[in-house]
Amino acid sequence: MNFNEGEIICIDKPYRMSSFGALAHIRFLISNKLGVKRVKTGHAGTLDPLATGVLILCTGKATKRIDELQAHTKEYTATLQLGATTPSFDKEHTVDHTYPTAHITEELIRETLQKFIGEIQQVPPAYSACKINGHRAYKLMRKGHDVPLKAKTLRVDEIEMTSFDQKTMQLSIRVVCGKGTYIRALARDIGTALGSGAFLTALRRTRVGDIRVENCITLDDFPAWLDQQEIEGVENK
């Protein structure tokens, strides 16, 4: 392997770690292995800290492929709590409103999910990395500023219910979608379309293009994986 010339590394990002945190950890290990201060590294598509799954890292000259890799179709599995909302549309914040759920049935859910297939309009979450006049939206929100975000046209290829618990109002779905889709915002919009509310309790990115999560390396396994590689450009320490 030649990390300076460029390699693509597929990580299974752990829960409660930011995408940048995962990148920084891998970059440190590679740089230390090479005996250099810092190997150029970037990631192709952010995952929220509370999400897990496929995170593609590019090193060296392979960072030029980031835009190409970000454009690939993605697949997610998600669990939604119906009947309530949070400001961030996930468990990062506590519940701010509750809503009736007695009217929600499996049949209503299936009918509602069909409305989200194809080209859809989606307003990104205010607690997101979207930029407003050069500032991250989530940073503005934390400072108490209003964050006016415009709807974007996105593509959802597939969405299906994989399980639903009528007692707990927990809904699990599988989503195949294009670039820029926020599953947190999709959860919000599904809740609204159901005449209730919803927020994410779990999210996992299971595929990016042809890269599946079962073929990714965990952070715990990465040091051993790195030791097994034949690496060019290793300097004597």
# chains A, B, ... in the order shown; residues from 1 in each chain; ligands from 1
call {"tool": "closest_atom_pairs", "arguments": {"of": "segment 136-232 of chain A", "to": "segment 42-56 of chain A", "cutoff": "9 Å", "atoms": "only C-alpha atoms", "output": "tab-separated table"}}
result
residue	atom	partner	partner_atom	distance
A:Lys179	CA	A:Gly45	CA	8.8
A:Gly180	CA	A:Gly45	CA	8.8
A:Thr201	CA	A:Leu50	CA	8.7
A:Ala202	CA	A:Ala51	CA	6.8
A:Leu203	CA	A:Ala51	CA	4.9
A:Arg204	CA	A:Thr52	CA	4.7
A:Arg205	CA	A:Gly53	CA	4.6
A:Thr206	CA	A:Gly53	CA	5.8
A:Arg207	CA	A:Val54	CA	6.3
A:Val208	CA	A:Val54	CA	6.9
A:Ile211	CA	A:Val54	CA	7.8
A:Arg212	CA	A:Val54	CA	7.1
A:Val213	CA	A:Val54	CA	5.3
A:Glu214	CA	A:Val54	CA	8.9
A:Cys216	CA	A:Val54	CA	6.8
call {"tool": "select_by_dssp", "arguments": {"residues": "segment 1-234 of chain A", "states": "helix (DSSP H, G or I)", "output": "number ranges by chain"}}
result
A: 19-34, 60-70, 106-114, 137-142, 183-193, 213-215, 222-228
call {"tool": "closest_residue", "arguments": {"among": "A:Ile159, A:Val175, A:Ile117, A:Leu219", "to": "Ala22 of chain A", "atoms": "only C-alpha atoms"}}
result
A:Leu219
call {"tool": "residues_around", "arguments": {"residues": "Thr86 of chain A", "least_positions_apart": "6", "cutoff": "9 Å", "atoms": "only C-alpha atoms", "output": "list in words"}}
result
Glu92, His93, Thr94, Val95, Asp96, His97, Ala198 and Phe199 of chain A
call {"tool": "closest_residue", "arguments": {"among": "A:Ser88, A:Thr218, A:Thr105, A:Gln70", "to": "Arg142 of chain A", "atoms": "only C-alpha atoms"}}
result
A:Ser88
call {"tool": "atom_distance", "arguments": {"atom1": "atom CA of Leu82 of chain A", "atom2": "atom CA of Pro125 of chain A"}}
result
17.7 Å
call {"tool": "select_by_dssp", "arguments": {"residues": "segment 91-183 of chain A", "states": "strand (DSSP E)", "output": "PyMOL selection string"}}
result
chain A and resi 97-98+118-122+131-132+135-136+152-165+170-177
call {"tool": "residues_around", "arguments": {"residues": "Ile217 of chain A", "least_positions_apart": "2", "cutoff": "8 Å", "atoms": "only C-alpha atoms", "output": "list in words"}}
result
Cys10, Ile11, Asp12, Asn215, Leu219, Asp221 and Phe222 of chain A
call {"tool": "atom_distance", "arguments": {"atom1": "atom CA of Lys61 of chain A", "atom2": "atom CA of Lys74 of chain A"}}
result
23.6 Å
call {"tool": "closest_residue", "arguments": {"among": "A:Gln166, A:Asn4, A:Ser31, A:Thr73", "to": "Thr59 of chain A", "atoms": "only C-alpha atoms"}}
result
A:Asn4
call {"tool": "atom_distance", "arguments": {"atom1": "atom CA of Thr168 of chain A", "atom2": "atom CA of Arg110 of chain A"}}
result
17.7 Å
call {"tool": "closest_residue", "arguments": {"among": "A:Val176, A:Ala151, A:Leu69, A:Leu200", "to": "Lys91 of chain A", "atoms": "only C-alpha atoms"}}
result
A:Leu200
call {"tool": "closest_residue", "arguments": {"among": "A:Ala126, A:Leu194, A:Leu186, A:Ala24", "to": "Glu106 of chain A", "atoms": "only C-alpha atoms"}}
result
A:Leu194
call {"tool": "residues_around", "arguments": {"residues": "Glu230 of chain A", "least_positions_apart": "4", "cutoff": "12 Å", "atoms": "only C-alpha atoms", "output": "list in words"}}
result
Met1, Asn2, Phe3, Lys33, Leu34, Trp225, Leu226 and Val234 of chain A
call {"tool": "closest_residue", "arguments": {"among": "A:Ile183, A:Ala193, A:Ile231, A:Val39", "to": "Ala78 of chain A", "atoms": "only C-alpha atoms"}}
result
A:Ile183
